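File shown: model_3.txt (compact mmCIF, N, CA and C atoms).
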```txt
# COMPACT_ATOMS: atom_id res chain seq x y z
N MET A 1 68.27 138.10 84.86
CA MET A 1 68.00 139.45 84.43
C MET A 1 69.13 140.01 83.59
N ASP A 2 70.15 139.17 83.37
CA ASP A 2 71.23 139.59 82.50
C ASP A 2 70.97 139.18 81.06
N ASN A 3 69.78 138.64 80.76
CA ASN A 3 69.49 138.13 79.44
C ASN A 3 68.77 139.17 78.57
N LEU A 4 69.17 140.41 78.65
CA LEU A 4 68.51 141.46 77.89
C LEU A 4 69.20 141.65 76.55
N PRO A 5 68.74 140.96 75.51
CA PRO A 5 69.39 141.07 74.21
C PRO A 5 69.16 142.45 73.60
N ASN A 6 70.26 143.12 73.28
CA ASN A 6 70.19 144.41 72.58
C ASN A 6 69.27 145.43 73.25
N MET A 7 69.16 145.37 74.55
CA MET A 7 68.30 146.33 75.25
C MET A 7 69.03 146.83 76.48
N ARG A 8 69.09 148.15 76.61
CA ARG A 8 69.72 148.75 77.77
C ARG A 8 68.84 148.52 78.98
N LEU A 9 69.44 148.08 80.06
CA LEU A 9 68.69 147.82 81.28
C LEU A 9 68.62 149.10 82.10
N THR A 10 67.61 149.90 81.83
CA THR A 10 67.41 151.13 82.58
C THR A 10 66.91 150.78 83.98
N THR A 11 66.95 151.73 84.87
CA THR A 11 66.43 151.52 86.22
C THR A 11 64.96 151.14 86.16
N GLN A 12 64.21 151.81 85.29
CA GLN A 12 62.79 151.51 85.17
C GLN A 12 62.56 150.07 84.72
N ARG A 13 63.30 149.64 83.71
CA ARG A 13 63.15 148.26 83.21
C ARG A 13 63.56 147.25 84.27
N GLN A 14 64.63 147.55 84.97
CA GLN A 14 65.11 146.65 86.03
C GLN A 14 64.02 146.46 87.09
N ILE A 15 63.41 147.54 87.51
CA ILE A 15 62.38 147.48 88.55
C ILE A 15 61.12 146.78 88.03
N ILE A 16 60.73 147.07 86.80
CA ILE A 16 59.58 146.39 86.21
C ILE A 16 59.83 144.88 86.17
N LEU A 17 61.02 144.49 85.74
CA LEU A 17 61.38 143.08 85.66
C LEU A 17 61.41 142.44 87.05
N GLU A 18 61.97 143.14 88.01
CA GLU A 18 62.01 142.61 89.39
C GLU A 18 60.61 142.42 89.95
N GLU A 19 59.75 143.41 89.77
CA GLU A 19 58.38 143.33 90.31
C GLU A 19 57.59 142.22 89.61
N LEU A 20 57.75 142.11 88.30
CA LEU A 20 57.06 141.06 87.56
C LEU A 20 57.55 139.68 88.00
N GLY A 21 58.84 139.59 88.29
CA GLY A 21 59.42 138.32 88.73
C GLY A 21 58.99 137.88 90.11
N LYS A 22 58.44 138.79 90.89
CA LYS A 22 58.00 138.47 92.26
C LYS A 22 56.64 137.79 92.31
N VAL A 23 55.88 137.84 91.21
CA VAL A 23 54.51 137.33 91.23
C VAL A 23 54.33 136.24 90.18
N THR A 24 53.35 135.39 90.42
CA THR A 24 52.99 134.36 89.45
C THR A 24 51.56 134.57 88.95
N SER A 25 51.04 135.76 89.17
CA SER A 25 49.64 136.05 88.87
C SER A 25 49.42 136.54 87.44
N HIS A 26 50.50 136.67 86.65
CA HIS A 26 50.38 137.13 85.27
C HIS A 26 49.62 138.46 85.21
N PRO A 27 50.18 139.50 85.83
CA PRO A 27 49.46 140.78 85.95
C PRO A 27 49.26 141.50 84.62
N THR A 28 48.25 142.35 84.61
CA THR A 28 48.02 143.26 83.49
C THR A 28 49.01 144.41 83.60
N ALA A 29 49.08 145.24 82.56
CA ALA A 29 49.96 146.41 82.60
C ALA A 29 49.58 147.32 83.76
N ASN A 30 48.29 147.49 84.01
CA ASN A 30 47.85 148.34 85.13
C ASN A 30 48.31 147.76 86.47
N GLU A 31 48.25 146.45 86.61
CA GLU A 31 48.69 145.83 87.86
C GLU A 31 50.19 145.95 88.04
N VAL A 32 50.96 145.80 86.95
CA VAL A 32 52.41 146.00 87.03
C VAL A 32 52.69 147.45 87.40
N TYR A 33 51.98 148.37 86.80
CA TYR A 33 52.12 149.79 87.11
C TYR A 33 51.91 150.04 88.61
N ASP A 34 50.86 149.46 89.17
CA ASP A 34 50.60 149.64 90.61
C ASP A 34 51.74 149.08 91.46
N MET A 35 52.33 147.97 91.04
CA MET A 35 53.44 147.38 91.78
C MET A 35 54.69 148.25 91.68
N VAL A 36 54.99 148.70 90.46
CA VAL A 36 56.20 149.48 90.21
C VAL A 36 56.12 150.86 90.86
N ARG A 37 54.92 151.44 90.87
CA ARG A 37 54.73 152.79 91.41
C ARG A 37 55.10 152.88 92.89
N LYS A 38 55.04 151.77 93.60
CA LYS A 38 55.45 151.79 95.02
C LYS A 38 56.93 152.07 95.15
N ARG A 39 57.70 151.70 94.13
CA ARG A 39 59.15 151.93 94.15
C ARG A 39 59.55 153.16 93.35
N LEU A 40 58.77 153.46 92.31
CA LEU A 40 59.03 154.62 91.46
C LEU A 40 57.75 155.45 91.37
N PRO A 41 57.47 156.27 92.39
CA PRO A 41 56.18 156.97 92.45
C PRO A 41 55.88 157.87 91.25
N ARG A 42 56.91 158.35 90.55
CA ARG A 42 56.68 159.29 89.45
C ARG A 42 56.55 158.62 88.08
N ILE A 43 56.66 157.31 88.04
CA ILE A 43 56.59 156.62 86.75
C ILE A 43 55.16 156.68 86.20
N GLY A 44 55.03 156.80 84.89
CA GLY A 44 53.72 156.87 84.27
C GLY A 44 53.27 155.51 83.74
N LEU A 45 51.97 155.34 83.63
CA LEU A 45 51.41 154.10 83.09
C LEU A 45 51.93 153.85 81.68
N GLY A 46 52.00 154.90 80.87
CA GLY A 46 52.51 154.75 79.51
C GLY A 46 53.93 154.23 79.47
N THR A 47 54.76 154.68 80.39
CA THR A 47 56.15 154.22 80.46
C THR A 47 56.20 152.74 80.80
N VAL A 48 55.40 152.33 81.77
CA VAL A 48 55.35 150.92 82.15
C VAL A 48 54.87 150.09 80.96
N TYR A 49 53.80 150.54 80.33
CA TYR A 49 53.23 149.80 79.21
C TYR A 49 54.25 149.67 78.07
N ARG A 50 54.90 150.77 77.69
CA ARG A 50 55.90 150.73 76.61
C ARG A 50 57.04 149.78 76.94
N ASN A 51 57.51 149.83 78.19
CA ASN A 51 58.62 148.96 78.58
C ASN A 51 58.20 147.49 78.61
N LEU A 52 56.99 147.21 79.05
CA LEU A 52 56.49 145.82 79.01
C LEU A 52 56.44 145.33 77.57
N GLU A 53 55.93 146.16 76.67
CA GLU A 53 55.84 145.77 75.26
C GLU A 53 57.24 145.54 74.66
N LEU A 54 58.18 146.44 74.96
CA LEU A 54 59.54 146.29 74.45
C LEU A 54 60.20 145.03 74.99
N MET A 55 60.03 144.77 76.28
CA MET A 55 60.63 143.58 76.87
C MET A 55 59.99 142.31 76.31
N ALA A 56 58.70 142.35 76.03
CA ALA A 56 58.02 141.20 75.43
C ALA A 56 58.53 140.97 74.00
N GLU A 57 58.67 142.04 73.23
CA GLU A 57 59.18 141.92 71.86
C GLU A 57 60.59 141.37 71.84
N SER A 58 61.37 141.68 72.87
CA SER A 58 62.76 141.20 72.96
C SER A 58 62.85 139.80 73.54
N GLY A 59 61.74 139.24 74.01
CA GLY A 59 61.75 137.89 74.56
C GLY A 59 62.19 137.80 76.01
N ILE A 60 62.28 138.94 76.68
CA ILE A 60 62.71 138.97 78.08
C ILE A 60 61.58 138.52 78.99
N ILE A 61 60.36 138.86 78.59
CA ILE A 61 59.16 138.44 79.31
C ILE A 61 58.16 137.92 78.27
N LEU A 62 57.11 137.28 78.74
CA LEU A 62 56.04 136.84 77.83
C LEU A 62 54.87 137.79 77.94
N LYS A 63 54.24 138.03 76.79
CA LYS A 63 52.98 138.76 76.77
C LYS A 63 51.90 137.74 76.44
N LEU A 64 50.94 137.62 77.33
CA LEU A 64 49.86 136.66 77.13
C LEU A 64 48.64 137.41 76.65
N GLU A 65 48.16 137.01 75.51
CA GLU A 65 46.93 137.60 74.99
C GLU A 65 45.90 136.49 74.99
N VAL A 66 45.32 136.27 76.15
CA VAL A 66 44.41 135.14 76.34
C VAL A 66 42.98 135.55 76.07
N GLY A 67 42.20 134.58 75.64
CA GLY A 67 40.82 134.73 75.22
C GLY A 67 40.02 135.89 75.76
N GLY A 68 39.98 136.98 75.03
CA GLY A 68 39.08 138.07 75.32
C GLY A 68 39.38 138.86 76.58
N THR A 69 40.58 138.74 77.12
CA THR A 69 40.91 139.49 78.32
C THR A 69 42.03 140.47 78.02
N GLN A 70 42.35 141.29 78.99
CA GLN A 70 43.47 142.23 78.83
C GLN A 70 44.77 141.45 78.67
N LYS A 71 45.74 142.07 78.03
CA LYS A 71 47.06 141.46 77.92
C LYS A 71 47.63 141.29 79.32
N ARG A 72 48.29 140.18 79.53
CA ARG A 72 48.94 139.90 80.81
C ARG A 72 50.41 139.60 80.53
N PHE A 73 51.22 139.73 81.56
CA PHE A 73 52.65 139.57 81.38
C PHE A 73 53.19 138.53 82.35
N ASP A 74 54.22 137.82 81.90
CA ASP A 74 54.76 136.69 82.63
C ASP A 74 56.28 136.77 82.58
N ALA A 75 56.92 136.68 83.74
CA ALA A 75 58.38 136.73 83.79
C ALA A 75 59.00 135.40 83.39
N THR A 76 58.22 134.33 83.38
CA THR A 76 58.74 133.01 83.00
C THR A 76 58.66 132.87 81.48
N THR A 77 59.82 132.80 80.85
CA THR A 77 59.85 132.77 79.39
C THR A 77 60.00 131.35 78.83
N GLU A 78 60.29 130.36 79.68
CA GLU A 78 60.37 128.99 79.19
C GLU A 78 58.98 128.56 78.74
N SER A 79 58.92 127.65 77.78
CA SER A 79 57.63 127.16 77.28
C SER A 79 56.84 126.52 78.41
N HIS A 80 55.60 126.96 78.55
CA HIS A 80 54.70 126.37 79.54
C HIS A 80 53.27 126.75 79.19
N TYR A 81 52.33 126.06 79.79
CA TYR A 81 50.92 126.29 79.51
C TYR A 81 50.26 127.09 80.62
N HIS A 82 49.11 127.66 80.29
CA HIS A 82 48.35 128.48 81.23
C HIS A 82 46.91 127.99 81.31
N ILE A 83 46.27 128.33 82.43
CA ILE A 83 44.85 128.09 82.59
C ILE A 83 44.20 129.39 83.03
N ARG A 84 43.04 129.69 82.45
CA ARG A 84 42.32 130.93 82.76
C ARG A 84 40.98 130.57 83.37
N CYS A 85 40.66 131.25 84.48
CA CYS A 85 39.36 131.07 85.11
C CYS A 85 38.31 131.82 84.28
N THR A 86 37.27 131.12 83.89
CA THR A 86 36.23 131.73 83.07
C THR A 86 35.32 132.65 83.87
N HIS A 87 35.47 132.62 85.21
CA HIS A 87 34.64 133.49 86.05
C HIS A 87 35.35 134.79 86.41
N CYS A 88 36.61 134.70 86.86
CA CYS A 88 37.31 135.90 87.34
C CYS A 88 38.48 136.32 86.45
N ASP A 89 38.76 135.57 85.40
CA ASP A 89 39.85 135.83 84.45
C ASP A 89 41.25 135.68 85.04
N LYS A 90 41.38 135.08 86.21
CA LYS A 90 42.70 134.79 86.77
C LYS A 90 43.43 133.87 85.81
N VAL A 91 44.73 134.09 85.62
CA VAL A 91 45.54 133.25 84.75
C VAL A 91 46.67 132.68 85.58
N GLU A 92 46.84 131.36 85.50
CA GLU A 92 47.90 130.70 86.25
C GLU A 92 48.66 129.74 85.34
N ASP A 93 49.88 129.39 85.77
CA ASP A 93 50.65 128.37 85.06
C ASP A 93 50.04 127.01 85.36
N ILE A 94 50.16 126.11 84.40
CA ILE A 94 49.77 124.72 84.60
C ILE A 94 51.06 123.91 84.50
N ASP A 95 51.32 123.11 85.49
CA ASP A 95 52.58 122.37 85.56
C ASP A 95 52.43 120.99 84.92
N ILE A 96 52.41 121.00 83.59
CA ILE A 96 52.41 119.76 82.83
C ILE A 96 53.45 119.92 81.73
N PRO A 97 54.01 118.82 81.26
CA PRO A 97 55.04 118.92 80.22
C PRO A 97 54.47 119.52 78.93
N VAL A 98 55.27 120.35 78.29
CA VAL A 98 54.90 120.93 77.00
C VAL A 98 54.93 119.80 75.96
N GLN A 99 53.90 119.73 75.17
CA GLN A 99 53.75 118.67 74.17
C GLN A 99 54.34 119.13 72.83
N TYR A 100 55.66 119.03 72.71
CA TYR A 100 56.32 119.52 71.51
C TYR A 100 55.93 118.73 70.26
N HIS A 101 55.52 117.47 70.43
CA HIS A 101 55.15 116.65 69.27
C HIS A 101 53.95 117.24 68.51
N ILE A 102 53.17 118.09 69.18
CA ILE A 102 52.04 118.73 68.50
C ILE A 102 52.53 119.55 67.31
N ASN A 103 53.70 120.16 67.45
CA ASN A 103 54.26 120.95 66.35
C ASN A 103 54.48 120.08 65.11
N GLU A 104 55.01 118.88 65.31
CA GLU A 104 55.27 117.98 64.20
C GLU A 104 53.96 117.54 63.55
N HIS A 105 52.97 117.19 64.37
CA HIS A 105 51.67 116.78 63.85
C HIS A 105 51.03 117.91 63.04
N ALA A 106 51.10 119.11 63.57
CA ALA A 106 50.52 120.26 62.86
C ALA A 106 51.26 120.51 61.55
N GLY A 107 52.58 120.40 61.58
CA GLY A 107 53.37 120.60 60.37
C GLY A 107 53.02 119.62 59.27
N ARG A 108 52.76 118.37 59.66
CA ARG A 108 52.39 117.35 58.68
C ARG A 108 50.97 117.59 58.13
N ALA A 109 50.13 118.28 58.90
CA ALA A 109 48.74 118.48 58.51
C ALA A 109 48.53 119.71 57.64
N CYS A 110 49.58 120.52 57.46
CA CYS A 110 49.42 121.74 56.66
C CYS A 110 50.72 122.04 55.93
N ASN A 111 50.72 123.10 55.20
CA ASN A 111 51.92 123.49 54.45
C ASN A 111 52.73 124.56 55.17
N TYR A 112 52.62 124.61 56.48
CA TYR A 112 53.35 125.60 57.26
C TYR A 112 54.59 124.98 57.88
N GLU A 113 55.59 125.81 58.11
CA GLU A 113 56.69 125.44 58.99
C GLU A 113 56.23 125.86 60.37
N VAL A 114 55.88 124.91 61.21
CA VAL A 114 55.32 125.21 62.52
C VAL A 114 56.47 125.58 63.47
N LEU A 115 56.38 126.78 64.03
CA LEU A 115 57.43 127.28 64.92
C LEU A 115 57.14 127.04 66.39
N GLY A 116 55.88 126.86 66.71
CA GLY A 116 55.52 126.65 68.10
C GLY A 116 54.02 126.65 68.26
N HIS A 117 53.57 126.53 69.49
CA HIS A 117 52.14 126.55 69.77
C HIS A 117 51.89 127.14 71.15
N HIS A 118 50.67 127.60 71.35
CA HIS A 118 50.22 128.13 72.63
C HIS A 118 48.91 127.44 72.96
N ILE A 119 48.85 126.87 74.12
CA ILE A 119 47.61 126.25 74.56
C ILE A 119 47.16 126.95 75.82
N GLU A 120 45.91 127.37 75.82
CA GLU A 120 45.32 127.95 77.02
C GLU A 120 44.16 127.06 77.44
N PHE A 121 44.25 126.57 78.65
CA PHE A 121 43.16 125.80 79.22
C PHE A 121 42.20 126.77 79.89
N SER A 122 40.95 126.40 79.99
CA SER A 122 39.99 127.23 80.71
C SER A 122 39.28 126.36 81.72
N GLY A 123 38.86 126.99 82.80
CA GLY A 123 38.17 126.28 83.86
C GLY A 123 37.70 127.26 84.91
N ILE A 124 37.39 126.75 86.07
CA ILE A 124 36.94 127.58 87.18
C ILE A 124 37.92 127.38 88.33
N CYS A 125 38.53 128.47 88.78
CA CYS A 125 39.54 128.40 89.83
C CYS A 125 38.92 127.97 91.16
N VAL A 126 39.77 127.59 92.09
CA VAL A 126 39.32 127.11 93.40
C VAL A 126 38.50 128.17 94.12
N ASP A 127 38.93 129.43 94.07
CA ASP A 127 38.18 130.50 94.75
C ASP A 127 36.77 130.64 94.18
N CYS A 128 36.66 130.63 92.86
CA CYS A 128 35.34 130.77 92.23
C CYS A 128 34.47 129.53 92.47
N GLN A 129 35.10 128.35 92.52
CA GLN A 129 34.34 127.14 92.85
C GLN A 129 33.76 127.24 94.24
N GLN A 130 34.56 127.77 95.16
CA GLN A 130 34.11 127.90 96.54
C GLN A 130 32.94 128.88 96.63
N VAL A 131 33.04 130.00 95.95
CA VAL A 131 31.96 130.99 95.95
C VAL A 131 30.70 130.37 95.36
N ARG A 132 30.86 129.65 94.26
CA ARG A 132 29.71 129.00 93.62
C ARG A 132 29.07 127.98 94.55
N ASN A 133 29.89 127.20 95.26
CA ASN A 133 29.37 126.20 96.18
C ASN A 133 28.67 126.84 97.37
N GLU A 134 29.22 127.97 97.86
CA GLU A 134 28.59 128.65 98.98
C GLU A 134 27.23 129.21 98.56
N LYS A 135 27.12 129.72 97.33
CA LYS A 135 25.86 130.26 96.84
C LYS A 135 24.81 129.15 96.68
N SER A 136 25.26 127.96 96.29
CA SER A 136 24.30 126.88 96.08
C SER A 136 23.77 126.33 97.41
N TYR A 137 24.52 126.56 98.49
CA TYR A 137 24.06 126.10 99.82
C TYR A 137 23.12 127.09 100.46
N ASN A 138 23.11 128.33 99.99
CA ASN A 138 22.26 129.36 100.60
C ASN A 138 20.89 129.40 100.00
```
Show me the file's structure as structure tokens.
Amino acid sequence: MDNLPNMRLTTQRQIILEELGKVTSHPTANEVYDMVRKRLPRIGLGTVYRNLELMAESGIILKLEVGGTQKRFDATTESHYHIRCTHCDKVEDIDIPVQYHINEHAGRACNYEVLGHHIEFSGICVDCQQVRNEKSYN
């Protein structure tokens, strides 16, 4: 949490960062707001949203803009992949090595200087599979 480049670590930002760091659920701004409000009851949703955006722009956190869902935020800034449930929109990390060679292949296939890539996998989470299986037995 000492990696805040050119950004003052206000109490609000510190608490937002701490709360975001406690979860791996990639919460929306509203969900972060609900978590932070338990510690800072007077904080506004707009304040949380602005601080999340500022911290994402500074590279302190990740902002995930995954297929057709609300923006989600991630305290893990190292390169990694995500999977989204197509039924409930849950987003989780996928623990597989990042395929950096894709950048080189893409660079050779176009006239761009490829800086990076984002891959989002989609599927059905264990909870939704279970619900689906229970419905098929009834």
* Asked: Pick the closest to A:Ile119 from A:Leu40, A:Leu17, A:Ile83, A:Val32: which is it, counting all atoms listed in the file?
  -> A:Ile83
* Hey, can you check how far atom CA of A:Cys85 sits from atom N of A:Gly123? ->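 Atom-to-atom, atom CA of A:Cys85 to atom N of A:Gly123, that is 4.7 Å.
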* Just the alpha helix (DSSP H) stuff from chain A, please, per backbone DSSP, written as a ChimeraX atom specification. => /A:11-21,29-37,45-57,101-109,126-137
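A straight-line distance of 22.4 Å separates atom CA of A:Val48 from atom C of A:Glu92.
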* Contacts of A:Thr10 at 10 Å (only C-alpha atoms; same-chain gap of 5+ positions) as a list in words -> Ile15, Ile16 and Asn51 of chain A
* DSSP says strand (DSSP E) for which residues of chain A? Put them as a ChimeraX atom specification? -> /A:62-64,72-74,81-85,91-94,120-123
* **Between atom C of A:Asp89 and atom CA of A:Val131 - distance in Å to one decimal** =>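 Interatomic distance, atom CA of A:Val131 to atom C of A:Asp89: 15.1 Å.
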* Choose the residue, out of A:Phe121, A:Arg13, A:Gly59, A:Tyr112, that has the smallest atom-to-atom separation from A:Tyr81; count all atoms listed in the file. =>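 Under the stated criterion, the closest residue is A:Phe121.
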